[in-house]
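**Q** Provided herewith is a single structure, encoded as structure tokens, for subsequent inquiry.
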Amino acid sequence: MHRIAVLALEGVPPFELGIPSRVFGNAQDEAGNPLYEVTVCTADGLPVTSDAGFTVGVSAGPEALAAADTVIVTPTHAMDELAHGAPLPQPLTDALAAIRPGTRLVSLCTGSYVLAAAGLLDGRPATTHWLHAPEFQRGFPRVRLDEEVLFVDDGDVLTSAGVAAGIDLCLYLIRQDHGTGVANRAARLCVVPPWRDGGQAQYIDRPVPEPTLATTTATRAWALERLAEPVTLGELATHARMSLRTFTRRFRDEVGMTPVQWLTAQRLELARHLLESSDLPVDLVAHRSGFGSANSLRQHMRSTLGVSPIAYRRTFQPASA
């Protein structure tokens, strides 16, 4: 079983602290067995006070970090001084030093401050909550900060933006570990969308769209039923009964990406599901997911996931590959 240690810090927001336990706790195999063991710990094993004013008691200390396969650092608003050169508290420094090499490191929201202050993000791409991005960049100039994405996957180190982006990152990790079927079921149990791409934009100081009864929701549902067909941008706008310009603008306001980007992402998600759950030839997977040809599917998977369809299938169906 994959062991996850969730590091609770002084001043942790309760919502974010609960995300890993809830999301990973809903990841099960086909027999209903849990796939992750989640332990909430602190750097010294002592309780911490949340930013809501109540005390959080934990069952473990730094030994949980040393035994973990994945360590998740939760956010805190009690360590703003880290961005101004203040050192990490010694118990936290000692606890981080106990983490085994090769352990997957994850930060949620401003948990990135801790990883950055420990030098673990130097020279690496990362993100954090957009509101704190200017301060973060000034305090940690060696981090390649991207403030406009929901999360960043840099292999063994992953960082997310604020609040709900932590849910997105946890679901993404389940998908990477066990495939879309397990991740989608975990998402349904949490009553959240099963997938938002990490490259999707955070909503950063953008004007709120004018209130209107017209949305693109129905058109998105219509498009999802026709992923195998060559749906054009004009057809989407016509279905939504909007001009092309209005539809494109409203779609981006609602979804955070262009209609073409969204459609490609949904087709890629369908292709991944078919590769994981069926033995269909790659040509047929490409056709059913709307990519038209195996070559087109291959190009999209390589640019997005860094693997070919065959290699992806081999990861989730090693016996049949």
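To be explicit about the labels: the chains of the structure tokens are called A, B, and onward in the order shown, and within each one the residues are counted from 1, while ligands get numbers from 1 in the order they are shown.
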Leaving out A:Phe247 and any residue of its chain fewer than 2 positions from it, which residues lie within 10 Å of it when counting only C-alpha atoms, given as a CSV table (one decimal) with N, CA, C and O atoms, in the first residue's frame?

**A**
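After the write, around29.csv holds the following:
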chain,number,residue,atom,x,y,z
A,214,ALA,N,-27.3,32.8,-20.5
A,214,ALA,CA,-26.7,32.0,-21.5
A,214,ALA,C,-25.3,31.5,-21.0
A,214,ALA,O,-24.5,32.3,-20.7
A,215,THR,N,-25.1,30.2,-21.0
A,215,THR,CA,-23.8,29.6,-20.6
A,215,THR,C,-23.4,28.6,-21.7
A,215,THR,O,-24.2,28.3,-22.6
A,216,THR,N,-22.2,28.1,-21.5
A,216,THR,CA,-21.8,27.1,-22.5
A,216,THR,C,-21.9,25.6,-21.9
A,216,THR,O,-21.4,24.7,-22.5
A,233,LEU,N,-15.4,24.6,-34.2
A,233,LEU,CA,-15.7,25.7,-33.3
A,233,LEU,C,-17.0,26.4,-33.7
A,233,LEU,O,-17.8,26.8,-32.9
A,234,GLY,N,-17.2,26.5,-35.0
A,234,GLY,CA,-18.4,27.1,-35.5
A,234,GLY,C,-19.7,26.3,-35.1
A,234,GLY,O,-20.7,26.9,-34.8
A,236,LEU,N,-19.9,24.4,-32.4
A,236,LEU,CA,-20.1,24.7,-31.0
A,236,LEU,C,-20.8,26.0,-30.8
A,236,LEU,O,-21.8,26.1,-30.0
A,237,ALA,N,-20.4,27.0,-31.4
A,237,ALA,CA,-21.0,28.3,-31.3
A,237,ALA,C,-22.5,28.3,-31.7
A,237,ALA,O,-23.3,28.9,-31.1
A,238,THR,N,-22.7,27.6,-32.8
A,238,THR,CA,-24.1,27.5,-33.3
A,238,THR,C,-25.0,26.8,-32.3
A,238,THR,O,-26.1,27.2,-32.1
A,239,HIS,N,-24.5,25.7,-31.8
A,239,HIS,CA,-25.3,25.0,-30.8
A,239,HIS,C,-25.6,25.9,-29.6
A,239,HIS,O,-26.7,25.8,-29.0
A,240,ALA,N,-24.6,26.7,-29.2
A,240,ALA,CA,-24.8,27.6,-28.0
A,240,ALA,C,-25.7,28.8,-28.4
A,240,ALA,O,-26.0,29.6,-27.5
A,241,ARG,N,-26.0,29.0,-29.7
A,241,ARG,CA,-26.7,30.1,-30.2
A,241,ARG,C,-26.0,31.4,-29.8
A,241,ARG,O,-26.6,32.4,-29.3
A,242,MET,N,-24.7,31.4,-30.1
A,242,MET,CA,-23.9,32.6,-29.9
A,242,MET,C,-23.1,32.9,-31.1
A,242,MET,O,-22.8,32.0,-31.9
A,243,SER,N,-22.6,34.1,-31.2
A,243,SER,CA,-21.6,34.4,-32.3
A,243,SER,C,-20.3,33.7,-31.9
A,243,SER,O,-20.1,33.4,-30.7
A,244,LEU,N,-19.5,33.5,-32.9
A,244,LEU,CA,-18.2,32.8,-32.6
A,244,LEU,C,-17.4,33.6,-31.6
A,244,LEU,O,-16.8,33.0,-30.7
A,245,ARG,N,-17.4,34.9,-31.7
A,245,ARG,CA,-16.6,35.7,-30.8
A,245,ARG,C,-17.1,35.6,-29.3
A,245,ARG,O,-16.4,35.4,-28.4
A,249,ARG,N,-15.3,33.8,-26.0
A,249,ARG,CA,-15.0,34.6,-24.9
A,249,ARG,C,-15.7,34.0,-23.6
A,249,ARG,O,-15.1,33.9,-22.6
A,250,ARG,N,-17.0,33.7,-23.8
A,250,ARG,CA,-17.7,33.2,-22.6
A,250,ARG,C,-17.2,31.8,-22.2
A,250,ARG,O,-17.1,31.5,-21.0
A,251,PHE,N,-16.8,31.0,-23.2
A,251,PHE,CA,-16.3,29.6,-22.9
A,251,PHE,C,-15.0,29.8,-22.0
A,251,PHE,O,-14.8,29.1,-21.0
A,252,ARG,N,-14.1,30.7,-22.5
A,252,ARG,CA,-12.9,30.8,-21.7
A,252,ARG,C,-13.1,31.4,-20.3
A,252,ARG,O,-12.5,31.0,-19.4
A,253,ASP,N,-14.1,32.3,-20.2
A,253,ASP,CA,-14.4,32.8,-18.9
A,253,ASP,C,-14.9,31.7,-17.9
A,253,ASP,O,-14.6,31.7,-16.7
A,258,THR,N,-9.5,27.7,-24.0
A,258,THR,CA,-10.2,27.9,-25.2
A,258,THR,C,-11.1,26.6,-25.5
A,258,THR,O,-10.8,25.5,-25.0
A,259,PRO,N,-12.1,26.7,-26.4
A,259,PRO,CA,-12.9,25.6,-26.7
A,259,PRO,C,-12.1,24.5,-27.4
A,259,PRO,O,-12.3,23.3,-27.1

**Q** Write out as JSON, numbers by chain the residues lying within 6 Å of stretch 60-76 of chain A, counting only C-alpha atoms and excluding same-chain residues fewer than 2 positions away.

**A** {"A": [3, 4, 5, 6, 7, 8, 11, 12, 41, 42, 43, 44, 45, 58, 78, 95, 98, 99, 100, 103, 104, 105, 106, 107, 108, 109, 110, 111]}

**Q** May I ask for the distance between atom CA of A:Leu96 and atom CA of A:Ser112, given in Å to one decimal place?

**A**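 Interatomic distance, atom CA of A:Leu96 to atom CA of A:Ser112: 13.3 Å.
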
**Q** Restricting the calculation to only C-alpha atoms, which member of A:Val163, A:Ala228, A:Leu189, A:Leu92 is positioned closest to A:Leu17?

**A**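 Answer, going by the shortest atom-to-atom distance: A:Val163.
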
**Q** Enter the distance from atom CA of A:His77 to atom CA of A:Pro141, in Å, rounded to one decimal.

**A**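 So the two atoms, atom CA of A:His77 and atom CA of A:Pro141, lie 20.1 Å apart.
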
**Q** Among stretch 2-235 of chain A, which ones does DSSP place in helix (DSSP H, G or I), written as a ChimeraX atom specification?

**A** /A:14-25,62-67,80-84,90-97,109-117,130-139,164-178,180-190,217-224,233-235

**Q** Tell me, as a PyMOL selection string, which residues lie within 6 Å of stretch 127-135 of chain A, counting only C-alpha atoms; anything in the same chain fewer than 3 positions away does not count.

**A** chain A and resi 109-110+138+145-147+159-162

**Q** For the residues selected in the previous step, produce a file with N, CA and C atoms as a tab-separated table (two decimals), in the first residue's frame.

**A**
chain	number	residue	atom	x	y	z
A	109	CYS	N	-0.96	24.72	-2.19
A	109	CYS	CA	-1.05	26.16	-1.98
A	109	CYS	C	0.27	26.70	-1.41
A	110	THR	N	0.22	27.38	-0.27
A	110	THR	CA	1.43	28.00	0.28
A	110	THR	C	2.35	27.02	1.00
A	138	ARG	N	9.76	37.11	-5.24
A	138	ARG	CA	10.81	37.95	-4.65
A	138	ARG	C	11.63	37.18	-3.63
A	145	LEU	N	8.73	30.02	-11.07
A	145	LEU	CA	7.33	30.09	-10.68
A	145	LEU	C	6.43	30.33	-11.88
A	146	ASP	N	5.34	29.56	-11.95
A	146	ASP	CA	4.28	29.77	-12.93
A	146	ASP	C	2.99	29.99	-12.15
A	147	GLU	N	2.59	31.24	-12.04
A	147	GLU	CA	1.44	31.58	-11.20
A	147	GLU	C	0.11	31.36	-11.89
A	159	THR	N	3.57	20.72	-7.18
A	159	THR	CA	3.05	21.85	-6.42
A	159	THR	C	1.71	22.27	-6.98
A	160	SER	N	0.83	22.78	-6.11
A	160	SER	CA	-0.49	23.21	-6.58
A	160	SER	C	-0.77	24.64	-6.18
A	161	ALA	N	-1.75	25.21	-6.85
A	161	ALA	CA	-2.25	26.53	-6.48
A	161	ALA	C	-3.18	26.38	-5.28
A	162	GLY	N	-4.03	27.37	-5.06
A	162	GLY	CA	-4.81	27.41	-3.83
A	162	GLY	C	-6.06	26.56	-3.80

**Q** In Å, with one decimal, what is the gap from atom CA of A:Ala31 to atom CA of A:Met1?

**A**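 Rounded to one decimal, the two atoms are 14.4 Å apart.
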
**Q** Rank nothing, just name the residue among A:Ser277, A:Gln261, A:Gly306, A:Arg267 nearest to A:Ser289, using only C-alpha atoms.

**A**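 Of A:Ser277, A:Gln261, A:Gly306, A:Arg267, the one nearest A:Ser289 is A:Arg267, counting only C-alpha atoms.
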
**Q** Which polymer residues have any atom within 10 Å of an atom of A:Leu224, counting only C-alpha atoms, with same-chain residues fewer than 3 positions away left out, as a tab-separated table (two decimals) with N, CA, C and O atoms, in the first residue's frame?

**A**
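Ended up saving to selection.tsv:
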chain	number	residue	atom	x	y	z
A	218	ALA	N	-24.51	23.51	-21.62
A	218	ALA	CA	-25.24	22.57	-22.47
A	218	ALA	C	-24.42	22.19	-23.70
A	218	ALA	O	-24.44	21.04	-24.14
A	219	THR	N	-23.69	23.15	-24.24
A	219	THR	CA	-22.88	22.86	-25.42
A	219	THR	C	-21.73	21.94	-25.07
A	219	THR	O	-21.36	21.06	-25.86
A	220	ARG	N	-21.15	22.10	-23.90
A	220	ARG	CA	-20.08	21.19	-23.49
A	220	ARG	C	-20.62	19.77	-23.34
A	220	ARG	O	-19.97	18.81	-23.75
A	221	ALA	N	-21.81	19.64	-22.75
A	221	ALA	CA	-22.41	18.31	-22.63
A	221	ALA	C	-22.70	17.72	-24.01
A	221	ALA	O	-22.49	16.52	-24.24
A	227	LEU	N	-17.50	13.20	-29.15
A	227	LEU	CA	-16.05	13.32	-29.19
A	227	LEU	C	-15.44	12.61	-30.39
A	227	LEU	O	-14.37	13.01	-30.87
A	228	ALA	N	-16.08	11.58	-30.89
A	228	ALA	CA	-15.55	10.85	-32.05
A	228	ALA	C	-15.75	11.60	-33.36
A	228	ALA	O	-15.14	11.27	-34.37
A	263	LEU	N	-11.69	20.73	-25.87
A	263	LEU	CA	-12.12	19.58	-26.66
A	263	LEU	C	-10.98	18.57	-26.81
A	263	LEU	O	-11.18	17.36	-26.68
A	266	GLN	N	-10.57	16.70	-23.50
A	266	GLN	CA	-11.60	15.70	-23.27
A	266	GLN	C	-11.36	14.47	-24.14
A	266	GLN	O	-11.57	13.33	-23.71
A	267	ARG	N	-10.92	14.68	-25.38
A	267	ARG	CA	-10.62	13.55	-26.25
A	267	ARG	C	-9.43	12.75	-25.72
A	267	ARG	O	-9.42	11.52	-25.78
A	270	LEU	N	-10.63	10.59	-22.89
A	270	LEU	CA	-11.34	9.42	-23.38
A	270	LEU	C	-10.36	8.39	-23.93
A	270	LEU	O	-10.50	7.18	-23.67

**Q** Extract the full set of strand (DSSP E) residues from stretch 67-178 of chain A according to DSSP on the backbone, and format it as a PDB file with N, CA and C atoms, in the first residue's frame.

**A**
ATOM      1  N   THR A  70       4.971   9.182  -0.320  1.00  0.00           N
ATOM      2  CA  THR A  70       4.625  10.540  -0.759  1.00  0.00           C
ATOM      3  C   THR A  70       4.451  11.407   0.478  1.00  0.00           C
ATOM      4  N   VAL A  71       5.055  12.578   0.468  1.00  0.00           N
ATOM      5  CA  VAL A  71       4.881  13.557   1.542  1.00  0.00           C
ATOM      6  C   VAL A  71       4.140  14.759   0.977  1.00  0.00           C
ATOM      7  N   ILE A  72       3.046  15.132   1.635  1.00  0.00           N
ATOM      8  CA  ILE A  72       2.251  16.285   1.215  1.00  0.00           C
ATOM      9  C   ILE A  72       2.385  17.371   2.274  1.00  0.00           C
ATOM     10  N   VAL A  73       2.883  18.530   1.867  1.00  0.00           N
ATOM     11  CA  VAL A  73       3.039  19.661   2.775  1.00  0.00           C
ATOM     12  C   VAL A  73       1.826  20.568   2.617  1.00  0.00           C
ATOM     13  N   ARG A 104       8.204  11.039  -3.166  1.00  0.00           N
ATOM     14  CA  ARG A 104       7.488  12.055  -3.942  1.00  0.00           C
ATOM     15  C   ARG A 104       7.055  13.179  -3.006  1.00  0.00           C
ATOM     16  N   LEU A 105       7.403  14.423  -3.368  1.00  0.00           N
ATOM     17  CA  LEU A 105       7.083  15.594  -2.557  1.00  0.00           C
ATOM     18  C   LEU A 105       5.980  16.401  -3.221  1.00  0.00           C
ATOM     19  N   VAL A 106       5.012  16.795  -2.416  1.00  0.00           N
ATOM     20  CA  VAL A 106       3.852  17.536  -2.922  1.00  0.00           C
ATOM     21  C   VAL A 106       3.579  18.697  -1.981  1.00  0.00           C
ATOM     22  N   SER A 107       3.294  19.871  -2.544  1.00  0.00           N
ATOM     23  CA  SER A 107       2.840  20.986  -1.709  1.00  0.00           C
ATOM     24  C   SER A 107       1.487  21.455  -2.202  1.00  0.00           C
ATOM     25  N   PRO A 125      10.390  24.112 -11.871  1.00  0.00           N
ATOM     26  CA  PRO A 125       9.109  24.788 -12.061  1.00  0.00           C
ATOM     27  C   PRO A 125       8.182  24.494 -10.894  1.00  0.00           C
ATOM     28  N   ALA A 126       7.378  25.476 -10.511  1.00  0.00           N
ATOM     29  CA  ALA A 126       6.463  25.300  -9.382  1.00  0.00           C
ATOM     30  C   ALA A 126       5.369  26.348  -9.482  1.00  0.00           C
ATOM     31  N   ARG A 144      11.381  28.551 -10.561  1.00  0.00           N
ATOM     32  CA  ARG A 144      10.753  28.931 -11.833  1.00  0.00           C
ATOM     33  C   ARG A 144       9.237  28.932 -11.637  1.00  0.00           C
ATOM     34  N   LEU A 145       8.734  30.016 -11.073  1.00  0.00           N
ATOM     35  CA  LEU A 145       7.332  30.091 -10.676  1.00  0.00           C
ATOM     36  C   LEU A 145       6.425  30.332 -11.878  1.00  0.00           C
ATOM     37  N   PHE A 151      -1.659  23.366 -11.208  1.00  0.00           N
ATOM     38  CA  PHE A 151      -0.607  22.611 -10.544  1.00  0.00           C
ATOM     39  C   PHE A 151       0.517  22.331 -11.526  1.00  0.00           C
ATOM     40  N   VAL A 152       1.665  21.983 -10.974  1.00  0.00           N
ATOM     41  CA  VAL A 152       2.854  21.691 -11.777  1.00  0.00           C
ATOM     42  C   VAL A 152       3.379  20.318 -11.379  1.00  0.00           C
ATOM     43  N   ASP A 153       3.598  19.472 -12.369  1.00  0.00           N
ATOM     44  CA  ASP A 153       4.204  18.158 -12.153  1.00  0.00           C
ATOM     45  C   ASP A 153       5.632  18.205 -12.664  1.00  0.00           C
ATOM     46  N   VAL A 157       8.560  16.085  -7.663  1.00  0.00           N
ATOM     47  CA  VAL A 157       8.087  17.236  -6.890  1.00  0.00           C
ATOM     48  C   VAL A 157       6.906  17.862  -7.617  1.00  0.00           C
ATOM     49  N   LEU A 158       5.780  17.985  -6.912  1.00  0.00           N
ATOM     50  CA  LEU A 158       4.576  18.551  -7.509  1.00  0.00           C
ATOM     51  C   LEU A 158       4.048  19.641  -6.591  1.00  0.00           C
ATOM     52  N   THR A 159       3.566  20.725  -7.183  1.00  0.00           N
ATOM     53  CA  THR A 159       3.052  21.851  -6.416  1.00  0.00           C
ATOM     54  C   THR A 159       1.710  22.271  -6.979  1.00  0.00           C
ATOM     55  N   SER A 160       0.831  22.784  -6.112  1.00  0.00           N
ATOM     56  CA  SER A 160      -0.492  23.205  -6.584  1.00  0.00           C
ATOM     57  C   SER A 160      -0.767  24.638  -6.179  1.00  0.00           C
TER      58      SER A 160
END

**Q** Rank A:Phe291, A:Tyr113, A:Phe15, A:Trp262 by their smallest atom-to-atom distance to A:Ser50, using only C-alpha atoms, and report the top residue only.

**A** A:Phe15
